[in-house]
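Asker: Contents of run13.cif (mmCIF, C-alpha atoms) are below:
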data_structure
#
loop_
_atom_site.group_PDB
_atom_site.id
_atom_site.type_symbol
_atom_site.label_atom_id
_atom_site.label_comp_id
_atom_site.auth_asym_id
_atom_site.auth_seq_id
_atom_site.Cartn_x
_atom_site.Cartn_y
_atom_site.Cartn_z
ATOM 1 C CA MET N 1 -15.658 15.521 6.592
ATOM 2 C CA LEU N 2 -13.381 15.539 3.599
ATOM 3 C CA CYS N 3 -10.292 17.669 4.095
ATOM 4 C CA LEU N 4 -7.470 18.445 1.663
ATOM 5 C CA THR N 5 -4.146 19.939 2.648
ATOM 6 C CA ASN N 6 -0.992 20.643 0.664
ATOM 7 C CA ARG N 7 0.379 17.131 1.355
ATOM 8 C CA GLN N 8 -2.512 14.798 2.233
ATOM 9 C CA TRP N 9 -6.271 14.142 2.202
ATOM 10 C CA VAL N 10 -8.247 13.217 5.326
ATOM 11 C CA ILE N 11 -11.718 11.665 5.573
ATOM 12 C CA VAL N 12 -13.384 11.554 8.998
ATOM 13 C CA HIS N 13 -16.670 9.703 9.200
ATOM 14 C CA GLU N 14 -19.045 8.217 11.724
ATOM 15 C CA ALA N 15 -18.596 4.498 12.351
ATOM 16 C CA GLY N 16 -21.493 3.482 14.547
ATOM 17 C CA LYS N 17 -22.777 5.324 17.582
ATOM 18 C CA ARG N 18 -20.360 7.922 18.959
ATOM 19 C CA ALA N 19 -17.428 6.397 17.084
ATOM 20 C CA LEU N 20 -15.422 8.168 14.426
ATOM 21 C CA GLU N 21 -13.091 6.654 11.901
ATOM 22 C CA VAL N 22 -10.280 8.540 10.233
ATOM 23 C CA ALA N 23 -8.789 7.600 6.859
ATOM 24 C CA GLN N 24 -5.901 9.636 5.575
ATOM 25 C CA ALA N 25 -3.070 9.296 3.089
ATOM 26 C CA GLY N 26 -0.406 11.467 1.568
ATOM 27 C CA PHE N 27 -0.581 12.235 -2.151
ATOM 28 C CA THR N 28 2.524 10.079 -2.660
ATOM 29 C CA ASP N 29 0.522 7.081 -1.391
ATOM 30 C CA THR N 30 -2.643 7.864 -3.374
ATOM 31 C CA LEU N 31 -3.224 5.448 -6.261
ATOM 32 C CA SER N 32 -6.512 6.302 -7.935
ATOM 33 C CA VAL N 33 -9.610 8.468 -7.749
ATOM 34 C CA GLU N 34 -13.040 7.196 -8.777
ATOM 35 C CA LEU N 35 -16.126 9.336 -9.256
ATOM 36 C CA THR N 36 -19.595 7.814 -9.709
ATOM 37 C CA VAL N 37 -22.432 10.045 -10.861
ATOM 38 C CA VAL N 38 -25.922 8.566 -11.363
ATOM 39 C CA LEU N 39 -28.603 11.268 -11.422
ATOM 40 C CA LEU N 40 -28.583 12.613 -7.837
ATOM 41 C CA TYR N 41 -26.328 9.877 -6.504
ATOM 42 C CA GLY N 42 -22.653 10.739 -6.219
ATOM 43 C CA LYS N 43 -19.738 8.757 -4.863
ATOM 44 C CA LEU N 44 -16.085 9.691 -4.533
ATOM 45 C CA LYS N 45 -13.632 6.893 -3.845
ATOM 46 C CA ILE N 46 -9.932 7.437 -3.235
ATOM 47 C CA GLY N 47 -7.622 4.411 -3.405
ATOM 48 C CA TYR N 48 -4.418 4.500 -1.399
ATOM 49 C CA ALA N 49 -1.601 2.303 -0.129
ATOM 50 C CA GLY N 50 -0.174 3.402 3.204
ATOM 51 C CA LYS N 51 2.359 2.180 5.713
ATOM 52 C CA ASP N 52 -0.108 0.691 8.174
ATOM 53 C CA ARG N 53 -3.088 0.005 5.966
ATOM 54 C CA SER N 54 -4.152 -0.030 2.334
ATOM 55 C CA GLY N 55 -7.592 0.348 0.927
ATOM 56 C CA SER N 56 -9.998 2.976 -0.263
ATOM 57 C CA SER N 57 -12.181 5.588 1.357
ATOM 58 C CA VAL N 58 -15.567 6.599 0.067
ATOM 59 C CA CYS N 59 -17.760 9.694 0.383
ATOM 60 C CA TYR N 60 -21.371 9.665 -0.781
ATOM 61 C CA PHE N 61 -22.880 12.957 -1.823
ATOM 62 C CA ASN N 62 -25.708 14.602 -3.685
ATOM 63 C CA THR N 63 -24.646 15.428 -7.263
ATOM 64 C CA VAL N 64 -26.217 18.874 -7.021
ATOM 65 C CA MET N 65 -22.936 19.793 -5.334
ATOM 66 C CA GLU N 66 -20.745 17.850 -7.796
ATOM 67 C CA GLY N 67 -18.702 20.981 -8.502
ATOM 68 C CA LEU N 68 -17.153 20.873 -5.015
ATOM 69 C CA TYR N 69 -15.981 17.315 -5.581
ATOM 70 C CA ALA N 70 -14.767 17.979 -9.130
ATOM 71 C CA LYS N 71 -12.445 20.614 -7.635
ATOM 72 C CA VAL N 72 -11.242 18.163 -4.984
ATOM 73 C CA ILE N 73 -10.447 15.579 -7.692
ATOM 74 C CA GLU N 74 -8.516 18.145 -9.728
ATOM 75 C CA GLN N 75 -6.574 19.152 -6.651
ATOM 76 C CA VAL N 76 -5.743 15.546 -5.703
ATOM 77 C CA LEU N 77 -4.582 14.744 -9.267
ATOM 78 C CA ASN N 78 -2.500 17.913 -9.485
ATOM 79 C CA SER N 79 -0.941 17.203 -6.091
ATOM 80 C CA ILE N 80 -0.036 13.622 -7.125
ATOM 81 C CA ASP N 81 1.799 14.981 -10.182
ATOM 82 C CA GLY N 82 3.149 18.021 -8.323
ATOM 83 C CA VAL N 83 1.582 20.425 -10.829
ATOM 84 C CA TRP N 84 1.312 23.941 -9.436
ATOM 85 C CA PRO N 85 -0.252 26.326 -10.379
ATOM 86 C CA PRO N 86 -2.866 24.154 -12.119
ATOM 87 C CA SER N 87 -4.213 25.135 -15.538
ATOM 88 C CA GLU N 88 -7.954 25.709 -15.905
ATOM 89 C CA GLU N 89 -8.032 25.298 -19.679
ATOM 90 C CA ARG N 90 -9.794 22.292 -21.196
ATOM 91 C CA ASP N 91 -8.450 20.592 -24.322
ATOM 92 C CA LYS N 92 -10.742 21.560 -27.231
ATOM 93 C CA ARG N 93 -9.540 18.513 -29.196
ATOM 94 C CA ILE N 94 -11.946 16.417 -27.099
ATOM 95 C CA MET N 95 -14.917 17.932 -28.939
ATOM 96 C CA GLN N 96 -13.180 18.113 -32.349
ATOM 97 C CA ASP N 97 -11.441 14.718 -32.513
ATOM 98 C CA LEU N 98 -14.277 12.754 -30.941
ATOM 99 C CA LYS N 99 -17.065 14.177 -33.104
ATOM 100 C CA ASP N 100 -18.033 10.697 -34.376
ATOM 101 C CA TRP N 101 -18.434 9.344 -30.860
ATOM 102 C CA PRO N 102 -21.763 8.903 -29.057
ATOM 103 C CA LEU N 103 -22.686 12.302 -27.652
ATOM 104 C CA LYS N 104 -22.840 10.910 -24.137
ATOM 105 C CA PHE N 105 -19.187 9.826 -24.011
ATOM 106 C CA ARG N 106 -17.966 12.923 -25.853
ATOM 107 C CA ASN N 107 -19.675 15.079 -23.232
ATOM 108 C CA TYR N 108 -18.338 12.951 -20.381
ATOM 109 C CA GLY N 109 -14.869 13.421 -21.819
ATOM 110 C CA TRP N 110 -15.330 17.182 -21.999
ATOM 111 C CA PHE N 111 -16.722 17.516 -18.479
ATOM 112 C CA HIS N 112 -14.632 14.964 -16.644
ATOM 113 C CA LEU N 113 -11.149 14.984 -18.185
ATOM 114 C CA PRO N 114 -9.003 17.059 -15.822
ATOM 115 C CA PRO N 115 -8.474 20.656 -17.037
ATOM 116 C CA GLY N 116 -4.927 21.370 -18.151
ATOM 117 C CA SER N 117 -4.330 17.888 -19.584
ATOM 118 C CA LYS N 118 -3.945 17.224 -23.309
ATOM 119 C CA LEU N 119 -5.814 14.390 -25.009
ATOM 120 C CA PHE N 120 -3.502 11.992 -26.908
ATOM 121 C CA ASN N 121 -5.725 9.059 -27.750
ATOM 122 C CA ALA N 122 -9.137 7.604 -26.884
ATOM 123 C CA VAL N 123 -11.129 4.412 -27.490
ATOM 124 C CA ASN N 124 -14.886 3.987 -27.109
ATOM 125 C CA TRP N 125 -16.734 0.660 -27.027
ATOM 126 C CA PRO N 126 -20.433 -0.250 -26.927
ATOM 127 C CA THR N 127 -22.283 -2.399 -24.388
ATOM 128 C CA VAL N 128 -21.788 -6.151 -24.769
ATOM 129 C CA PHE N 129 -25.065 -8.063 -24.521
ATOM 130 C CA GLY N 130 -25.575 -11.806 -24.245
ATOM 131 C CA ARG N 131 -28.709 -13.892 -24.705
ATOM 132 C CA PHE N 132 -31.985 -12.459 -23.410
ATOM 133 C CA GLY N 133 -30.366 -9.052 -23.203
ATOM 134 C CA ARG N 134 -28.056 -9.957 -20.328
ATOM 135 C CA GLU N 135 -25.343 -7.326 -20.026
ATOM 136 C CA PHE N 136 -21.766 -8.621 -19.933
ATOM 137 C CA ALA N 137 -19.825 -5.375 -20.242
ATOM 138 C CA ALA N 138 -21.058 -1.808 -19.962
ATOM 139 C CA ALA N 139 -20.338 0.728 -22.684
ATOM 140 C CA GLY N 140 -17.262 2.774 -21.919
ATOM 141 C CA ALA N 141 -14.313 4.795 -23.068
ATOM 142 C CA LEU N 142 -10.622 4.981 -22.314
ATOM 143 C CA PHE N 143 -8.870 8.344 -22.569
ATOM 144 C CA LEU N 144 -5.108 8.809 -22.619
ATOM 145 C CA THR N 145 -3.918 12.312 -21.785
ATOM 146 C CA ASP N 146 -0.419 13.630 -21.171
ATOM 147 C CA ARG N 147 -0.809 12.958 -17.429
ATOM 148 C CA HIS N 148 -3.629 10.493 -16.840
ATOM 149 C CA LEU N 149 -5.449 7.423 -18.010
ATOM 150 C CA VAL N 150 -9.170 8.019 -17.539
ATOM 151 C CA VAL N 151 -11.695 5.178 -17.757
ATOM 152 C CA ILE N 152 -15.350 6.176 -18.148
ATOM 153 C CA THR N 153 -17.970 3.426 -18.099
ATOM 154 C CA GLU N 154 -21.718 3.371 -17.767
ATOM 155 C CA GLU N 155 -23.295 1.922 -14.654
ATOM 156 C CA ARG N 156 -23.465 -1.839 -15.232
ATOM 157 C CA SER N 157 -26.818 -3.571 -14.971
ATOM 158 C CA ARG N 158 -26.877 -6.493 -12.551
ATOM 159 C CA SER N 159 -30.066 -8.104 -13.773
ATOM 160 C CA TRP N 160 -29.940 -11.331 -15.802
ATOM 161 C CA PHE N 161 -32.762 -10.437 -18.155
ATOM 162 C CA GLN N 162 -33.369 -7.027 -19.615
ATOM 163 C CA LYS N 163 -36.064 -5.544 -21.775
ATOM 164 C CA LYS N 164 -34.998 -3.064 -24.440
ATOM 165 C CA GLU N 165 -36.781 -0.210 -22.676
ATOM 166 C CA ASP N 166 -34.747 -0.833 -19.496
ATOM 167 C CA ARG N 167 -31.402 -0.365 -21.239
ATOM 168 C CA THR N 168 -31.163 3.392 -20.728
ATOM 169 C CA ARG N 169 -28.309 4.413 -18.435
ATOM 170 C CA TYR N 170 -28.224 7.710 -16.615
ATOM 171 C CA GLY N 171 -24.836 7.702 -15.006
ATOM 172 C CA ALA N 172 -21.158 7.030 -15.327
ATOM 173 C CA ILE N 173 -18.220 5.780 -13.317
ATOM 174 C CA ILE N 174 -15.073 7.794 -13.962
ATOM 175 C CA THR N 175 -11.737 6.374 -12.813
ATOM 176 C CA TYR N 176 -8.653 8.577 -12.841
ATOM 177 C CA LEU N 177 -5.253 6.895 -12.884
ATOM 178 C CA PRO N 178 -2.193 9.126 -12.963
ATOM 179 C CA LEU N 179 0.328 7.791 -15.527
ATOM 180 C CA ALA N 180 2.980 8.020 -12.821
ATOM 181 C CA ARG N 181 1.131 5.279 -10.908
ATOM 182 C CA ILE N 182 0.506 2.780 -13.747
ATOM 183 C CA SER N 183 3.009 -0.043 -13.582
ATOM 184 C CA GLY N 184 1.488 -2.559 -15.973
ATOM 185 C CA PHE N 185 -1.582 -4.104 -17.554
ATOM 186 C CA ARG N 186 -2.869 -7.404 -18.867
ATOM 187 C CA ILE N 187 -5.909 -8.497 -20.807
ATOM 188 C CA GLN N 188 -7.845 -11.596 -19.811
ATOM 189 C CA GLU N 189 -9.865 -13.408 -22.458
ATOM 190 C CA CYS N 190 -13.463 -14.395 -21.832
ATOM 191 C CA ARG N 191 -15.799 -15.881 -24.434
ATOM 192 C CA ARG N 192 -17.859 -12.774 -25.162
ATOM 193 C CA PHE N 193 -15.730 -9.939 -23.778
ATOM 194 C CA ARG N 194 -12.284 -9.031 -22.470
ATOM 195 C CA ILE N 195 -11.147 -7.907 -19.030
ATOM 196 C CA LEU N 196 -8.490 -5.236 -18.822
ATOM 197 C CA GLU N 197 -6.553 -5.389 -15.575
ATOM 198 C CA LEU N 198 -4.632 -2.211 -14.816
ATOM 199 C CA GLN N 199 -2.038 -2.145 -12.069
ATOM 200 C CA ALA N 200 -1.469 1.060 -10.122
ATOM 201 C CA GLN N 201 1.556 1.175 -7.879
ATOM 202 C CA ALA N 202 2.831 3.553 -5.234
ATOM 203 C CA ALA N 203 5.912 3.133 -3.047
ATOM 204 C CA ARG N 204 4.041 1.090 -0.450
ATOM 205 C CA GLY N 205 1.332 -0.817 -2.268
ATOM 206 C CA VAL N 206 -0.424 -1.953 -5.414
ATOM 207 C CA GLU N 207 -4.026 -1.720 -6.594
ATOM 208 C CA LYS N 208 -5.596 -3.606 -9.499
ATOM 209 C CA ILE N 209 -8.459 -2.092 -11.466
ATOM 210 C CA GLN N 210 -10.585 -4.162 -13.820
ATOM 211 C CA VAL N 211 -12.412 -2.847 -16.884
ATOM 212 C CA LEU N 212 -14.675 -5.025 -19.032
ATOM 213 C CA PHE N 213 -14.870 -4.205 -22.737
ATOM 214 C CA ALA N 214 -15.978 -5.550 -26.129
ATOM 215 C CA THR N 215 -13.643 -8.112 -27.763
ATOM 216 C CA GLU N 216 -13.341 -6.168 -31.066
ATOM 217 C CA TYR N 217 -11.541 -3.310 -29.317
ATOM 218 C CA GLU N 218 -8.698 -5.358 -27.842
ATOM 219 C CA LYS N 219 -6.130 -4.233 -30.414
ATOM 220 C CA GLU N 220 -6.960 -0.535 -30.027
ATOM 221 C CA ILE N 221 -6.915 -0.691 -26.229
ATOM 222 C CA THR N 222 -3.643 -2.613 -26.140
ATOM 223 C CA GLY N 223 -2.090 -0.003 -28.461
ATOM 224 C CA LEU N 224 -3.330 2.855 -26.281
ATOM 225 C CA LEU N 225 -1.968 1.288 -23.094
ATOM 226 C CA ARG N 226 1.418 0.517 -24.655
ATOM 227 C CA LYS N 227 1.580 4.169 -25.658
ATOM 228 C CA ALA N 228 0.689 5.194 -22.083
ATOM 229 C CA LEU N 229 3.453 3.065 -20.584
ATOM 230 C CA GLN N 230 5.995 4.264 -23.159
ATOM 231 C CA GLN N 231 5.057 7.862 -22.454
ATOM 232 C CA HIS N 232 5.486 7.341 -18.730
ATOM 233 C CA THR N 233 8.898 5.694 -19.252
ATOM 234 C CA VAL N 234 10.050 8.599 -21.458
ATOM 235 C CA GLU N 235 8.871 11.121 -18.839
ATOM 236 C CA LYS N 236 10.693 9.194 -16.100
ATOM 237 C CA GLN N 237 13.933 9.130 -18.078
ATOM 238 C CA GLY N 238 13.574 12.757 -19.117
ATOM 239 C CA MET Z 1 -52.066 23.945 -4.314
ATOM 240 C CA GLY Z 2 -50.995 20.391 -5.169
ATOM 241 C CA LEU Z 3 -48.060 19.561 -7.394
ATOM 242 C CA ALA Z 4 -48.691 18.627 -11.033
ATOM 243 C CA GLN Z 5 -48.392 14.868 -11.398
ATOM 244 C CA PRO Z 6 -47.184 13.278 -14.677
ATOM 245 C CA GLU Z 7 -49.576 10.693 -16.104
ATOM 246 C CA ALA Z 8 -47.071 7.866 -15.699
ATOM 247 C CA PHE Z 9 -46.992 8.401 -11.935
ATOM 248 C CA ALA Z 10 -50.709 8.963 -11.463
ATOM 249 C CA GLY Z 11 -51.886 7.547 -8.178
ATOM 250 C CA GLU Z 12 -48.459 7.797 -6.528
ATOM 251 C CA PRO Z 13 -47.766 10.375 -3.805
ATOM 252 C CA PRO Z 14 -46.559 13.687 -5.300
ATOM 253 C CA TYR Z 15 -42.840 14.447 -5.316
ATOM 254 C CA ILE Z 16 -41.501 17.254 -3.225
ATOM 255 C CA GLY Z 17 -38.083 18.666 -3.997
ATOM 256 C CA LEU Z 18 -35.621 17.176 -6.491
ATOM 257 C CA THR Z 19 -36.647 13.916 -8.093
ATOM 258 C CA THR Z 20 -35.260 11.276 -10.375
ATOM 259 C CA PRO Z 21 -37.636 10.592 -13.278
ATOM 260 C CA SER Z 22 -36.599 6.976 -13.787
ATOM 261 C CA ARG Z 23 -36.467 4.884 -10.695
ATOM 262 C CA LYS Z 24 -35.529 1.627 -12.387
ATOM 263 C CA SER Z 25 -32.161 -0.140 -12.510
ATOM 264 C CA LEU Z 26 -30.511 2.074 -9.919
ATOM 265 C CA SER Z 27 -28.625 0.159 -7.283
ATOM 266 C CA THR Z 28 -28.810 3.293 -5.125
ATOM 267 C CA ARG Z 29 -32.392 2.438 -4.260
ATOM 268 C CA ARG Z 30 -31.347 -0.660 -2.351
ATOM 269 C CA LYS Z 31 -29.506 1.280 0.347
ATOM 270 C CA ASN Z 32 -30.063 4.635 1.900
ATOM 271 C CA LEU Z 33 -26.871 6.117 0.510
ATOM 272 C CA VAL Z 34 -28.061 9.233 -1.281
ATOM 273 C CA SER Z 35 -28.009 12.265 0.947
ATOM 274 C CA PRO Z 36 -31.389 13.927 1.424
ATOM 275 C CA VAL Z 37 -32.171 16.769 -0.959
ATOM 276 C CA ASP Z 38 -32.394 19.342 1.811
ATOM 277 C CA ARG Z 39 -28.954 18.504 3.243
ATOM 278 C CA PHE Z 40 -26.285 19.351 0.695
ATOM 279 C CA PRO Z 41 -22.547 19.173 1.293
ATOM 280 C CA PHE Z 42 -20.988 22.540 2.072
ATOM 281 C CA LYS Z 43 -17.559 24.062 2.402
ATOM 282 C CA VAL Z 44 -16.030 24.991 5.750
ATOM 283 C CA PRO Z 45 -13.314 27.694 5.878
ATOM 284 C CA ASP Z 46 -11.057 25.972 8.439
ATOM 285 C CA VAL Z 47 -10.822 23.175 11.014
ATOM 286 C CA VAL Z 48 -12.144 25.430 13.825
ATOM 287 C CA HIS Z 49 -15.471 25.829 11.997
ATOM 288 C CA CYS Z 50 -16.029 22.079 11.484
ATOM 289 C CA PRO Z 51 -19.145 20.486 13.057
ATOM 290 C CA ASP Z 52 -18.675 19.149 16.569
ATOM 291 C CA PRO Z 53 -17.933 15.420 16.510
ATOM 292 C CA PHE Z 54 -15.449 15.776 13.636
ATOM 293 C CA ARG Z 55 -13.453 18.795 14.755
ATOM 294 C CA ASP Z 56 -11.175 17.055 17.251
ATOM 295 C CA SER Z 57 -10.452 14.085 14.986
ATOM 296 C CA LEU Z 58 -9.599 16.403 12.134
ATOM 297 C CA ARG Z 59 -7.372 18.496 14.410
ATOM 298 C CA ARG Z 60 -5.433 15.369 15.334
ATOM 299 C CA ALA Z 61 -5.137 14.211 11.706
ATOM 300 C CA VAL Z 62 -3.935 17.560 10.374
ATOM 301 C CA THR Z 63 -0.506 18.653 11.574
ATOM 302 C CA PRO Z 64 0.425 22.321 12.130
ATOM 303 C CA THR Z 65 2.648 22.185 9.031
ATOM 304 C CA ASP Z 66 -0.349 21.200 6.842
ATOM 305 C CA ASN Z 67 -1.786 24.014 4.775
ATOM 306 C CA VAL Z 68 -5.522 23.214 4.633
ATOM 307 C CA THR Z 69 -6.919 24.040 1.191
ATOM 308 C CA GLU Z 70 -10.375 22.459 1.202
ATOM 309 C CA ILE Z 71 -12.833 21.125 3.796
ATOM 310 C CA ILE Z 72 -16.198 19.722 2.743
ATOM 311 C CA THR Z 73 -18.832 18.247 5.013
ATOM 312 C CA VAL Z 74 -20.570 15.176 3.636
ATOM 313 C CA GLN Z 75 -23.809 13.739 4.959
ATOM 314 C CA LEU Z 76 -23.216 10.051 4.375
ATOM 315 C CA LEU Z 77 -19.842 8.385 4.396
ATOM 316 C CA SER Z 78 -18.392 4.940 4.591
ATOM 317 C CA ALA Z 79 -14.976 3.402 4.185
ATOM 318 C CA GLU Z 80 -14.270 0.067 2.612
ATOM 319 C CA ARG Z 81 -11.232 -2.017 1.962
ATOM 320 C CA LEU Z 82 -10.036 -2.959 -1.479
ATOM 321 C CA LEU Z 83 -10.049 -6.699 -1.958
ATOM 322 C CA CYS Z 84 -7.300 -6.812 -4.521
ATOM 323 C CA LEU Z 85 -4.660 -4.826 -2.683
ATOM 324 C CA ALA Z 86 -1.436 -6.653 -2.104
ATOM 325 C CA PRO Z 87 1.522 -5.455 -0.064
ATOM 326 C CA CYS Z 88 4.410 -4.214 -2.145
ATOM 327 C CA CYS Z 89 7.701 -6.081 -1.808
ATOM 328 C CA ALA Z 90 10.292 -3.411 -1.174
#
Could you spell out this file's structure in structure tokens?
Answerer:
Amino acid sequence: MLCLTNRQWVIVHEAGKRALEVAQAGFTDTLSVELTVVLLYGKLKIGYAGKDRSGSSVCYFNTVMEGLYAKVIEQVLNSIDGVWPPSEERDKRIMQDLKDWPLKFRNYGWFHLPPGSKLFNAVNWPTVFGRFGREFAAAGALFLTDRHLVVITEERSRSWFQKKEDRTRYGAIITYLPLARISGFRIQECRRFRILELQAQAARGVEKIQVLFATEYEKEITGLLRKALQQHTVEKQG
Amino acid sequence: MGLAQPEAFAGEPPYIGLTTPSRKSLSTRRKNLVSPVDRFPFKVPDVVHCPDPFRDSLRRAVTPTDNVTEIITVQLLSAERLLCLAPCCA
């Protein structure tokens, strides 16, 4: 069961025969929300840092009912920021400003950016391939809105060798990080790609999220993240 | 009457219900994590109407001051720990 209240979320699930496990955290302790959608496969993961334990809880679901979970995500994000009543309106700039983007990522942006948030900046990068078609970093996009940093990446292939016809991807992993939780970032250099390490912090814990991207986009991504941190600092002071 | 079978899948047993056309490069096939097509998640109006094994646990987790806004039943669930979490120095 996944339950939302006005101050916390609760997940109760079976852990072996006749045993139940309960994971719960207040919105003040919630760090990130991750949604994975691959055809009929859906996964919702909520990262948290509590007094007694830190970690993440996961629900698996059939994407036919994705709408239920999209609402839950909106509600969790609005509760973290204390936004009430939430706005239902989507930012039309996503479709206008990103018209040169691959259709897939433009549509993901439109469908998955939380309603009521305004798009400030976005960066899109292609898949990074090595020799014999080995995939180093999946194609992805980083969206900065007035309230969140949203990372959307394709499902990464784990195979060492890939034929061209196997390169089609059907799903995406969408990670929502409220700006109020981002405390820093750093970029690690690898030979063929870069690793962005984002740090999300609540009062009682820290979570690190890694995103792999193409080397050529380092400058753009660094600029976007500096803007995100500046924006958060201004909001805090204001 | 049998289901129409695309040429590419000729010889395979026919699909019943919702299907995924490409069954390659999906890690979901390794584990039985996708809920069956005939058992979708559904909304429950309040804690009292929750299915049996979960009701009591949920009652204990939710305090009387909590205003329940959403309850969804999910068929398959698991919890995992983040490897990179570090305690915050207060």
Asker: Pull out every residue of chain N sitting within 6 Å of chain Z, counting all atoms listed in the file, and send them as a ChimeraX atom specification.
Answerer: /N:1-6,13,41,55-62,204-207
Asker: Skip Pro126 in chain N itself and residues of its chain fewer than 6 positions away, then list as a list in words all residues within 7 Å of it, counting all atoms listed in the file.
Answerer: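 The residues that qualify are Ala139, Gly140 and Ala214 of chain N.
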Asker: Using all atoms listed in the file, which residue out of N:Ser79, N:Gln8, N:Thr36, N:Gln210 lies closest to Ile174 in chain N?
Answerer: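 Going through N:Ser79, N:Gln8, N:Thr36, N:Gln210 one by one, the smallest distance to Ile174 in chain N is for N:Thr36.
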Asker: Using the chain letters and numbering of this document, enumerate as a list of chain:residue names the residues selected by the PyMOL selection byres ((chain N and resi 120) around 7).
Answerer: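 Evaluating the PyMOL selection byres ((chain N and resi 120) around 7) on these coordinates yields N:Lys118, N:Leu119, N:Asn121, N:Leu144, N:Thr145, N:Asp146.
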Asker: When distances are computed from all atoms listed in the file, which of N:Thr153, N:Thr127, N:Gln24, N:Thr63 shows the smallest separation from Thr175 in chain N?
Answerer: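 Smallest distance to Thr175 in chain N is found for N:Thr153.
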Asker: Could you list the residues chosen by the PyMOL selection byres ((chain N and resi 186-203) around 9) in this structure as a count of residues only?
Answerer: 41
Asker: Counting all atoms listed in the file, which of N:Leu39, N:Trp9, N:Lys227, N:Gln96 gets nearest to Arg169 in chain N?
Answerer: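 For Arg169 in chain N, the nearest of the candidates is N:Leu39.
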Asker: One number please: CA of Arg147 in chain N to CA of Lys71 in chain N, in Å, one decimal.
Answerer: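 Calculated distance between CA of Arg147 in chain N and CA of Lys71 in chain N is 17.0 Å.
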Asker: Exactly which residues make up the result of the PyMOL selection byres ((chain N and resi 75) around 12) on this file, given as a PDB file with C-alpha atoms, keeping the file's coordinate frame?
Answerer:
ATOM      1  CA  CYS N   3     -10.292  17.669   4.095  1.00  0.00           C
ATOM      2  CA  LEU N   4      -7.470  18.445   1.663  1.00  0.00           C
ATOM      3  CA  THR N   5      -4.146  19.939   2.648  1.00  0.00           C
ATOM      4  CA  ASN N   6      -0.992  20.643   0.664  1.00  0.00           C
ATOM      5  CA  ARG N   7       0.379  17.131   1.355  1.00  0.00           C
ATOM      6  CA  GLN N   8      -2.512  14.798   2.233  1.00  0.00           C
ATOM      7  CA  TRP N   9      -6.271  14.142   2.202  1.00  0.00           C
ATOM      8  CA  PHE N  27      -0.581  12.235  -2.151  1.00  0.00           C
ATOM      9  CA  VAL N  33      -9.610   8.468  -7.749  1.00  0.00           C
ATOM     10  CA  LEU N  68     -17.153  20.873  -5.015  1.00  0.00           C
ATOM     11  CA  TYR N  69     -15.981  17.315  -5.581  1.00  0.00           C
ATOM     12  CA  ALA N  70     -14.767  17.979  -9.130  1.00  0.00           C
ATOM     13  CA  LYS N  71     -12.445  20.614  -7.635  1.00  0.00           C
ATOM     14  CA  VAL N  72     -11.242  18.163  -4.984  1.00  0.00           C
ATOM     15  CA  ILE N  73     -10.447  15.579  -7.692  1.00  0.00           C
ATOM     16  CA  GLU N  74      -8.516  18.145  -9.728  1.00  0.00           C
ATOM     17  CA  VAL N  76      -5.743  15.546  -5.703  1.00  0.00           C
ATOM     18  CA  LEU N  77      -4.582  14.744  -9.267  1.00  0.00           C
ATOM     19  CA  ASN N  78      -2.500  17.913  -9.485  1.00  0.00           C
ATOM     20  CA  SER N  79      -0.941  17.203  -6.091  1.00  0.00           C
ATOM     21  CA  ILE N  80      -0.036  13.622  -7.125  1.00  0.00           C
ATOM     22  CA  ASP N  81       1.799  14.981 -10.182  1.00  0.00           C
ATOM     23  CA  GLY N  82       3.149  18.021  -8.323  1.00  0.00           C
ATOM     24  CA  VAL N  83       1.582  20.425 -10.829  1.00  0.00           C
ATOM     25  CA  TRP N  84       1.312  23.941  -9.436  1.00  0.00           C
ATOM     26  CA  PRO N  85      -0.252  26.326 -10.379  1.00  0.00           C
ATOM     27  CA  PRO N  86      -2.866  24.154 -12.119  1.00  0.00           C
ATOM     28  CA  SER N  87      -4.213  25.135 -15.538  1.00  0.00           C
ATOM     29  CA  GLU N  88      -7.954  25.709 -15.905  1.00  0.00           C
ATOM     30  CA  PRO N 114      -9.003  17.059 -15.822  1.00  0.00           C
ATOM     31  CA  PRO N 115      -8.474  20.656 -17.037  1.00  0.00           C
ATOM     32  CA  GLY N 116      -4.927  21.370 -18.151  1.00  0.00           C
TER      33      GLY N 116
ATOM     34  CA  THR Z  69      -6.919  24.040   1.191  1.00  0.00           C
ATOM     35  CA  GLU Z  70     -10.375  22.459   1.202  1.00  0.00           C
TER      36      GLU Z  70
END
Asker: Would you work out the distance separating CA of Trp101 in chain N from CA of Glu154 in chain N, expressed in Å to one decimal?
Answerer: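 Interatomic distance, CA of Trp101 in chain N to CA of Glu154 in chain N: 14.8 Å.
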Asker: Which value, in Å to one decimal, gives the distance between CA of Leu20 in chain N and CA of Gly42 in chain N?
Answerer: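 Separation of CA of Leu20 in chain N and CA of Gly42 in chain N: 22.0 Å.
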